[in-house]
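File shown: target-v6.cif. Contents: mmCIF, all heavy atoms.
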```cif
data_coords
#
loop_
_atom_site.label_atom_id
_atom_site.label_comp_id
_atom_site.auth_asym_id
_atom_site.auth_seq_id
_atom_site.Cartn_x
_atom_site.Cartn_y
_atom_site.Cartn_z
N MET A 23 13.15 1.22 6.42
CA MET A 23 12.72 2.00 5.29
C MET A 23 12.95 1.19 4.02
O MET A 23 13.95 0.52 3.86
CB MET A 23 13.50 3.31 5.24
CG MET A 23 13.12 4.16 4.06
SD MET A 23 14.02 5.72 3.98
CE MET A 23 13.06 6.64 5.14
N LEU A 24 12.00 1.28 3.13
CA LEU A 24 12.06 0.54 1.87
C LEU A 24 12.25 1.53 0.74
O LEU A 24 11.44 2.42 0.54
CB LEU A 24 10.76 -0.25 1.68
CG LEU A 24 10.60 -1.00 0.39
CD1 LEU A 24 11.64 -2.11 0.31
CD2 LEU A 24 9.21 -1.57 0.31
N CYS A 25 13.33 1.39 0.01
CA CYS A 25 13.62 2.26 -1.12
C CYS A 25 13.99 1.40 -2.31
O CYS A 25 14.62 0.37 -2.17
CB CYS A 25 14.78 3.20 -0.81
SG CYS A 25 14.45 4.30 0.56
N ALA A 26 13.59 1.85 -3.49
CA ALA A 26 13.94 1.10 -4.70
C ALA A 26 13.89 2.01 -5.90
O ALA A 26 13.20 3.02 -5.90
CB ALA A 26 12.98 -0.07 -4.89
N ASN A 27 14.61 1.64 -6.94
CA ASN A 27 14.55 2.33 -8.20
C ASN A 27 13.23 1.94 -8.85
O ASN A 27 12.98 0.77 -9.10
CB ASN A 27 15.73 1.90 -9.07
CG ASN A 27 15.75 2.58 -10.40
OD1 ASN A 27 14.73 3.04 -10.91
ND2 ASN A 27 16.92 2.65 -10.99
N MET A 28 12.35 2.91 -9.13
CA MET A 28 11.01 2.61 -9.63
C MET A 28 11.03 1.78 -10.91
O MET A 28 10.20 0.92 -11.09
CB MET A 28 10.23 3.91 -9.87
CG MET A 28 9.83 4.62 -8.58
SD MET A 28 8.74 3.60 -7.56
CE MET A 28 7.24 3.70 -8.50
N LYS A 29 11.99 1.99 -11.79
CA LYS A 29 12.03 1.21 -13.03
C LYS A 29 12.27 -0.26 -12.76
O LYS A 29 11.85 -1.11 -13.52
CB LYS A 29 13.12 1.76 -13.95
CG LYS A 29 12.77 3.10 -14.55
CD LYS A 29 13.86 3.57 -15.50
CE LYS A 29 13.48 4.90 -16.09
NZ LYS A 29 14.49 5.39 -17.03
N GLU A 30 12.92 -0.59 -11.67
CA GLU A 30 13.20 -1.98 -11.34
C GLU A 30 12.04 -2.66 -10.63
O GLU A 30 11.97 -3.88 -10.60
CB GLU A 30 14.45 -2.06 -10.47
CG GLU A 30 15.71 -1.62 -11.18
CD GLU A 30 16.92 -1.62 -10.27
OE1 GLU A 30 16.82 -2.14 -9.15
OE2 GLU A 30 17.95 -1.09 -10.68
N VAL A 31 11.13 -1.89 -10.03
CA VAL A 31 10.07 -2.45 -9.19
C VAL A 31 8.72 -2.48 -9.90
O VAL A 31 7.93 -3.38 -9.67
CB VAL A 31 9.95 -1.64 -7.87
CG1 VAL A 31 8.77 -2.09 -7.05
CG2 VAL A 31 11.23 -1.75 -7.08
N LEU A 32 8.44 -1.55 -10.77
CA LEU A 32 7.12 -1.43 -11.37
C LEU A 32 6.67 -2.72 -12.04
O LEU A 32 7.42 -3.33 -12.79
CB LEU A 32 7.09 -0.29 -12.38
CG LEU A 32 7.31 1.09 -11.79
CD1 LEU A 32 7.30 2.14 -12.89
CD2 LEU A 32 6.29 1.43 -10.73
N GLY A 33 5.45 -3.13 -11.73
CA GLY A 33 4.89 -4.34 -12.32
C GLY A 33 5.37 -5.62 -11.68
O GLY A 33 5.04 -6.69 -12.13
N ARG A 34 6.12 -5.52 -10.61
CA ARG A 34 6.63 -6.70 -9.93
C ARG A 34 6.17 -6.74 -8.48
O ARG A 34 5.92 -5.71 -7.87
CB ARG A 34 8.16 -6.69 -9.90
CG ARG A 34 8.81 -6.87 -11.20
CD ARG A 34 10.26 -7.17 -10.95
NE ARG A 34 11.07 -6.79 -12.09
CZ ARG A 34 12.35 -6.69 -12.07
NH1 ARG A 34 13.02 -6.90 -10.96
NH2 ARG A 34 13.02 -6.36 -13.15
N GLU A 35 6.12 -7.93 -7.96
CA GLU A 35 5.83 -8.09 -6.53
C GLU A 35 7.17 -8.25 -5.82
O GLU A 35 8.01 -9.04 -6.23
CB GLU A 35 4.98 -9.33 -6.32
CG GLU A 35 4.58 -9.56 -4.89
CD GLU A 35 3.71 -10.78 -4.74
OE1 GLU A 35 2.52 -10.69 -5.04
OE2 GLU A 35 4.26 -11.82 -4.33
N ILE A 36 7.38 -7.45 -4.77
CA ILE A 36 8.62 -7.58 -4.01
C ILE A 36 8.27 -7.89 -2.56
O ILE A 36 7.17 -7.59 -2.10
CB ILE A 36 9.50 -6.32 -4.10
CG1 ILE A 36 8.78 -5.12 -3.50
CG2 ILE A 36 9.93 -6.05 -5.53
CD1 ILE A 36 9.68 -3.92 -3.32
N THR A 37 9.19 -8.49 -1.86
CA THR A 37 9.00 -8.82 -0.46
C THR A 37 10.02 -8.07 0.36
O THR A 37 11.22 -8.13 0.07
CB THR A 37 9.16 -10.34 -0.24
OG1 THR A 37 8.20 -11.01 -1.05
CG2 THR A 37 8.92 -10.71 1.20
N ALA A 38 9.54 -7.36 1.37
CA ALA A 38 10.42 -6.62 2.26
C ALA A 38 10.36 -7.26 3.64
O ALA A 38 9.28 -7.48 4.18
CB ALA A 38 9.99 -5.16 2.35
N HIS A 39 11.50 -7.57 4.18
CA HIS A 39 11.58 -8.14 5.53
C HIS A 39 11.87 -6.98 6.48
O HIS A 39 12.95 -6.39 6.43
CB HIS A 39 12.67 -9.21 5.60
CG HIS A 39 12.37 -10.38 4.72
ND1 HIS A 39 11.63 -11.45 5.16
CD2 HIS A 39 12.66 -10.63 3.43
CE1 HIS A 39 11.50 -12.31 4.16
NE2 HIS A 39 12.12 -11.83 3.10
N THR A 40 10.89 -6.65 7.32
CA THR A 40 11.01 -5.52 8.24
C THR A 40 11.13 -6.01 9.67
O THR A 40 10.95 -7.21 9.94
CB THR A 40 9.79 -4.59 8.13
OG1 THR A 40 8.64 -5.25 8.69
CG2 THR A 40 9.49 -4.22 6.68
N ALA A 41 11.38 -5.10 10.60
CA ALA A 41 11.48 -5.46 12.01
C ALA A 41 10.16 -6.02 12.53
O ALA A 41 10.13 -6.81 13.47
CB ALA A 41 11.89 -4.24 12.83
N ARG A 42 9.04 -5.64 11.91
CA ARG A 42 7.71 -6.09 12.35
C ARG A 42 7.18 -7.27 11.56
O ARG A 42 6.08 -7.74 11.81
CB ARG A 42 6.71 -4.94 12.28
CG ARG A 42 7.06 -3.77 13.13
CD ARG A 42 6.78 -4.09 14.56
NE ARG A 42 7.07 -2.92 15.39
CZ ARG A 42 6.93 -2.90 16.67
NH1 ARG A 42 6.48 -3.96 17.30
NH2 ARG A 42 7.23 -1.83 17.35
N GLY A 43 7.92 -7.74 10.57
CA GLY A 43 7.46 -8.90 9.80
C GLY A 43 7.67 -8.69 8.31
O GLY A 43 8.35 -7.77 7.88
N VAL A 44 7.05 -9.56 7.54
CA VAL A 44 7.21 -9.54 6.09
C VAL A 44 6.11 -8.68 5.47
O VAL A 44 4.94 -8.81 5.81
CB VAL A 44 7.15 -10.97 5.51
CG1 VAL A 44 7.22 -10.95 4.00
CG2 VAL A 44 8.27 -11.82 6.10
N LEU A 45 6.50 -7.81 4.53
CA LEU A 45 5.56 -6.96 3.81
C LEU A 45 5.75 -7.22 2.32
O LEU A 45 6.86 -7.15 1.81
CB LEU A 45 5.83 -5.48 4.11
CG LEU A 45 4.99 -4.46 3.35
CD1 LEU A 45 3.53 -4.55 3.78
CD2 LEU A 45 5.54 -3.06 3.60
N THR A 46 4.64 -7.54 1.64
CA THR A 46 4.68 -7.74 0.20
C THR A 46 4.15 -6.48 -0.47
O THR A 46 3.09 -5.97 -0.09
CB THR A 46 3.82 -8.94 -0.22
OG1 THR A 46 4.31 -10.10 0.47
CG2 THR A 46 3.88 -9.18 -1.71
N VAL A 47 4.89 -5.96 -1.43
CA VAL A 47 4.53 -4.74 -2.15
C VAL A 47 4.34 -5.09 -3.61
O VAL A 47 5.23 -5.67 -4.23
CB VAL A 47 5.62 -3.66 -2.01
CG1 VAL A 47 5.21 -2.38 -2.72
CG2 VAL A 47 5.93 -3.39 -0.54
N ASP A 48 3.17 -4.74 -4.16
CA ASP A 48 2.89 -4.99 -5.57
C ASP A 48 2.46 -3.68 -6.20
O ASP A 48 1.51 -3.04 -5.74
CB ASP A 48 1.79 -6.04 -5.71
CG ASP A 48 1.60 -6.50 -7.14
OD1 ASP A 48 2.52 -6.33 -7.95
OD2 ASP A 48 0.52 -7.04 -7.45
N VAL A 49 3.15 -3.24 -7.25
CA VAL A 49 2.87 -1.98 -7.92
C VAL A 49 2.36 -2.29 -9.32
O VAL A 49 3.03 -2.94 -10.11
CB VAL A 49 4.15 -1.11 -8.00
CG1 VAL A 49 3.84 0.22 -8.70
CG2 VAL A 49 4.72 -0.86 -6.62
N ASN A 50 1.15 -1.81 -9.63
CA ASN A 50 0.57 -2.00 -10.96
C ASN A 50 0.68 -0.70 -11.75
O ASN A 50 0.35 0.36 -11.25
CB ASN A 50 -0.90 -2.42 -10.87
CG ASN A 50 -1.06 -3.79 -10.30
OD1 ASN A 50 -0.19 -4.64 -10.47
ND2 ASN A 50 -2.15 -4.03 -9.61
N VAL A 51 1.13 -0.82 -12.99
CA VAL A 51 1.35 0.33 -13.85
C VAL A 51 0.58 0.17 -15.15
O VAL A 51 0.51 -0.94 -15.70
CB VAL A 51 2.86 0.47 -14.17
CG1 VAL A 51 3.11 1.64 -15.10
CG2 VAL A 51 3.66 0.61 -12.91
N ALA A 52 -0.02 1.25 -15.62
CA ALA A 52 -0.67 1.27 -16.92
C ALA A 52 -0.35 2.60 -17.59
O ALA A 52 -0.46 3.65 -16.97
CB ALA A 52 -2.18 1.09 -16.77
N HIS A 53 0.09 2.55 -18.82
CA HIS A 53 0.42 3.74 -19.59
C HIS A 53 1.44 4.62 -18.86
O HIS A 53 1.28 5.83 -18.76
CB HIS A 53 -0.84 4.55 -19.92
CG HIS A 53 -1.91 3.73 -20.57
ND1 HIS A 53 -1.80 3.25 -21.86
CD2 HIS A 53 -3.10 3.28 -20.10
CE1 HIS A 53 -2.88 2.55 -22.15
NE2 HIS A 53 -3.69 2.54 -21.11
N ASN A 54 2.47 3.98 -18.31
CA ASN A 54 3.56 4.67 -17.60
C ASN A 54 3.12 5.44 -16.36
O ASN A 54 3.76 6.38 -15.94
CB ASN A 54 4.31 5.62 -18.54
CG ASN A 54 5.09 4.86 -19.59
OD1 ASN A 54 5.58 3.76 -19.33
ND2 ASN A 54 5.22 5.44 -20.76
N GLU A 55 1.98 5.06 -15.78
CA GLU A 55 1.49 5.68 -14.55
C GLU A 55 1.21 4.59 -13.52
O GLU A 55 0.69 3.53 -13.86
CB GLU A 55 0.20 6.46 -14.79
CG GLU A 55 0.38 7.69 -15.63
CD GLU A 55 -0.92 8.48 -15.77
OE1 GLU A 55 -1.88 8.21 -15.01
OE2 GLU A 55 -0.98 9.35 -16.65
N VAL A 56 1.54 4.87 -12.28
CA VAL A 56 1.21 3.95 -11.20
C VAL A 56 -0.29 4.01 -10.98
O VAL A 56 -0.86 5.07 -10.75
CB VAL A 56 1.96 4.31 -9.90
CG1 VAL A 56 1.49 3.44 -8.75
CG2 VAL A 56 3.47 4.19 -10.10
N LYS A 57 -0.94 2.86 -11.09
CA LYS A 57 -2.40 2.79 -10.92
C LYS A 57 -2.78 2.23 -9.56
O LYS A 57 -3.75 2.66 -8.96
CB LYS A 57 -3.03 1.92 -12.03
CG LYS A 57 -2.86 2.50 -13.41
CD LYS A 57 -3.57 3.82 -13.53
CE LYS A 57 -3.43 4.39 -14.93
NZ LYS A 57 -4.09 5.67 -15.07
N ASP A 58 -2.05 1.25 -9.08
CA ASP A 58 -2.37 0.61 -7.81
C ASP A 58 -1.09 0.25 -7.08
O ASP A 58 -0.10 -0.14 -7.71
CB ASP A 58 -3.16 -0.69 -8.02
CG ASP A 58 -4.45 -0.47 -8.78
OD1 ASP A 58 -5.32 0.24 -8.27
OD2 ASP A 58 -4.57 -1.04 -9.87
N ILE A 59 -1.14 0.37 -5.77
CA ILE A 59 -0.07 -0.14 -4.91
C ILE A 59 -0.74 -0.98 -3.84
O ILE A 59 -1.61 -0.49 -3.12
CB ILE A 59 0.74 0.99 -4.26
CG1 ILE A 59 1.42 1.85 -5.32
CG2 ILE A 59 1.78 0.40 -3.30
CD1 ILE A 59 2.14 3.05 -4.76
N TYR A 60 -0.36 -2.26 -3.77
CA TYR A 60 -0.92 -3.15 -2.78
C TYR A 60 0.15 -3.51 -1.76
O TYR A 60 1.25 -3.92 -2.13
CB TYR A 60 -1.44 -4.44 -3.44
CG TYR A 60 -2.59 -4.20 -4.39
CD1 TYR A 60 -2.38 -4.08 -5.75
CD2 TYR A 60 -3.88 -4.09 -3.89
CE1 TYR A 60 -3.43 -3.86 -6.62
CE2 TYR A 60 -4.94 -3.87 -4.76
CZ TYR A 60 -4.72 -3.75 -6.11
OH TYR A 60 -5.76 -3.54 -6.96
N LEU A 61 -0.17 -3.35 -0.48
CA LEU A 61 0.70 -3.74 0.61
C LEU A 61 0.02 -4.88 1.33
O LEU A 61 -1.12 -4.75 1.79
CB LEU A 61 0.93 -2.58 1.58
CG LEU A 61 1.46 -1.28 0.96
CD1 LEU A 61 1.52 -0.20 2.03
CD2 LEU A 61 2.82 -1.50 0.35
N THR A 62 0.70 -6.02 1.44
CA THR A 62 0.12 -7.20 2.07
C THR A 62 1.05 -7.68 3.17
O THR A 62 2.25 -7.82 2.96
CB THR A 62 -0.06 -8.32 1.03
OG1 THR A 62 -0.80 -7.82 -0.07
CG2 THR A 62 -0.79 -9.50 1.64
N GLY A 63 0.47 -7.92 4.33
CA GLY A 63 1.25 -8.42 5.45
C GLY A 63 0.37 -8.55 6.68
O GLY A 63 -0.84 -8.32 6.64
N ALA A 64 0.98 -8.89 7.78
CA ALA A 64 0.25 -9.04 9.04
C ALA A 64 -0.28 -7.68 9.50
O ALA A 64 0.32 -6.64 9.22
CB ALA A 64 1.16 -9.64 10.10
N THR A 65 -1.40 -7.70 10.20
CA THR A 65 -2.00 -6.46 10.69
C THR A 65 -2.30 -6.57 12.17
O THR A 65 -2.45 -7.66 12.72
CB THR A 65 -3.31 -6.14 9.95
OG1 THR A 65 -4.24 -7.20 10.20
CG2 THR A 65 -3.10 -5.98 8.47
N ASN A 66 -2.41 -5.43 12.80
CA ASN A 66 -2.83 -5.31 14.19
C ASN A 66 -3.79 -4.14 14.31
O ASN A 66 -3.59 -3.11 13.67
CB ASN A 66 -1.64 -5.04 15.11
CG ASN A 66 -0.70 -6.21 15.18
OD1 ASN A 66 -1.11 -7.33 15.35
ND2 ASN A 66 0.59 -5.93 15.01
N ILE A 67 -4.81 -4.27 15.12
CA ILE A 67 -5.71 -3.16 15.38
C ILE A 67 -5.00 -2.21 16.33
O ILE A 67 -4.56 -2.61 17.41
CB ILE A 67 -7.04 -3.64 15.99
CG1 ILE A 67 -7.77 -4.53 14.98
CG2 ILE A 67 -7.90 -2.45 16.40
CD1 ILE A 67 -9.03 -5.16 15.52
N VAL A 68 -4.87 -0.96 15.91
CA VAL A 68 -4.20 0.04 16.75
C VAL A 68 -5.18 1.06 17.31
O VAL A 68 -4.85 1.79 18.24
CB VAL A 68 -3.06 0.75 16.00
CG1 VAL A 68 -1.96 -0.23 15.65
CG2 VAL A 68 -3.57 1.44 14.77
N ALA A 69 -6.39 1.11 16.75
CA ALA A 69 -7.41 2.03 17.25
C ALA A 69 -8.77 1.57 16.75
O ALA A 69 -8.88 0.91 15.72
CB ALA A 69 -7.13 3.45 16.78
N LYS A 70 -9.80 1.91 17.49
CA LYS A 70 -11.17 1.65 17.07
C LYS A 70 -11.95 2.94 17.23
O LYS A 70 -11.65 3.77 18.08
CB LYS A 70 -11.82 0.57 17.94
CG LYS A 70 -11.37 -0.83 17.65
CD LYS A 70 -12.20 -1.83 18.42
CE LYS A 70 -11.79 -3.24 18.06
NZ LYS A 70 -12.69 -4.22 18.70
N GLY A 71 -12.96 3.10 16.39
CA GLY A 71 -13.78 4.31 16.48
C GLY A 71 -15.06 4.14 15.70
O GLY A 71 -15.32 3.08 15.12
N GLU A 72 -15.84 5.18 15.71
CA GLU A 72 -17.11 5.18 15.00
C GLU A 72 -17.27 6.54 14.33
O GLU A 72 -16.98 7.56 14.92
CB GLU A 72 -18.26 4.96 15.98
CG GLU A 72 -19.61 4.84 15.32
CD GLU A 72 -20.70 4.52 16.32
OE1 GLU A 72 -20.49 3.63 17.17
OE2 GLU A 72 -21.74 5.18 16.24
N VAL A 73 -17.72 6.50 13.08
CA VAL A 73 -17.98 7.73 12.34
C VAL A 73 -19.47 7.78 12.06
O VAL A 73 -20.04 6.84 11.51
CB VAL A 73 -17.18 7.76 11.01
CG1 VAL A 73 -17.52 9.01 10.21
CG2 VAL A 73 -15.70 7.68 11.29
N THR A 74 -20.09 8.88 12.44
CA THR A 74 -21.51 9.06 12.17
C THR A 74 -21.67 9.94 10.94
O THR A 74 -20.72 10.59 10.48
CB THR A 74 -22.23 9.70 13.36
OG1 THR A 74 -21.68 11.02 13.55
CG2 THR A 74 -22.05 8.89 14.63
N GLU A 75 -22.86 9.97 10.40
CA GLU A 75 -23.14 10.78 9.21
C GLU A 75 -22.84 12.27 9.47
O GLU A 75 -22.37 12.98 8.61
CB GLU A 75 -24.59 10.60 8.77
CG GLU A 75 -24.87 11.19 7.41
CD GLU A 75 -26.26 10.82 6.92
OE1 GLU A 75 -26.70 9.68 7.12
OE2 GLU A 75 -26.90 11.71 6.33
N GLU A 76 -23.10 12.72 10.69
CA GLU A 76 -22.83 14.11 11.05
C GLU A 76 -21.35 14.45 11.00
O GLU A 76 -20.96 15.58 10.81
CB GLU A 76 -23.38 14.42 12.44
CG GLU A 76 -24.90 14.41 12.52
CD GLU A 76 -25.46 13.00 12.71
OE1 GLU A 76 -24.76 12.13 13.28
OE2 GLU A 76 -26.59 12.76 12.26
N ASP A 77 -20.50 13.43 11.22
CA ASP A 77 -19.05 13.65 11.18
C ASP A 77 -18.52 13.86 9.77
O ASP A 77 -17.45 14.43 9.59
CB ASP A 77 -18.32 12.45 11.81
CG ASP A 77 -18.59 12.30 13.29
OD1 ASP A 77 -18.79 13.33 13.96
OD2 ASP A 77 -18.60 11.16 13.76
N LEU A 78 -19.26 13.38 8.79
CA LEU A 78 -18.81 13.46 7.40
C LEU A 78 -19.17 14.80 6.79
O LEU A 78 -20.24 15.35 7.03
CB LEU A 78 -19.44 12.34 6.57
CG LEU A 78 -19.15 10.92 7.02
CD1 LEU A 78 -19.94 9.94 6.19
CD2 LEU A 78 -17.66 10.65 6.92
N MET A 79 -18.28 15.35 6.01
CA MET A 79 -18.55 16.62 5.31
C MET A 79 -19.10 16.27 3.93
O MET A 79 -18.34 16.03 3.00
CB MET A 79 -17.28 17.44 5.21
CG MET A 79 -16.74 17.87 6.55
SD MET A 79 -15.20 18.81 6.40
CE MET A 79 -15.79 20.26 5.53
N LEU A 80 -20.41 16.23 3.80
CA LEU A 80 -21.02 15.87 2.51
C LEU A 80 -21.52 17.11 1.80
O LEU A 80 -21.91 18.05 2.30
CB LEU A 80 -22.19 14.91 2.72
CG LEU A 80 -21.77 13.58 3.38
CD1 LEU A 80 -23.00 12.73 3.65
CD2 LEU A 80 -20.82 12.83 2.48
#
```
Please, can you express the file's structure as structure tokens?
Amino acid sequence: MLCANMKEVLGREITAHTARGVLTVDVNVAHNEVKDIYLTGATNIVAKGEVTEEDLML
């Protein structure tokens, strides 16, 4: 589990070393609001599927 004081992390890139590998977390802030959170690290496909237009609630 990754926990941090938001005032110390906002606007910075941090690296978390987890049991599954390294995860980079970047939090972008504008006007005292979190605008973007980027998580970067290794990935694995855990499921595949297909969505048709009929499946979408438009």
Kindly give the distance, in Å, that separates atom N of His39 in chain A and atom O of Asp58 in chain A, rounded to a single decimal. 18.2 Å
Coordinates of box centre and edge lengths for range 33-42 of chain A, 5 Å on every side, axis-aligned, as AutoDock Vina command-line options:
```
--center_x 7.8 --center_y -7.1 --center_z 2.1 --size_x 20.5 --size_y 20.5 --size_z 40.5
```
Mind giving me the straight-line distance from CA of Val49 in chain A to CA of Ile67 in chain A in Å, one decimal?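 Between CA of Val49 in chain A and CA of Ile67 in chain A the gap works out to 24.9 Å.
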Which residue out of A:Met79, A:Glu35, A:Leu45, A:Thr40 has the minimum interatomic distance to Thr62 in chain A when all atoms listed in the file are used?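 For Thr62 in chain A, the nearest of the candidates is A:Leu45.
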Please, what distance in Å, to one decimal, runs between CA of Val47 in chain A and CA of Gly71 in chain A? 27.6 Å
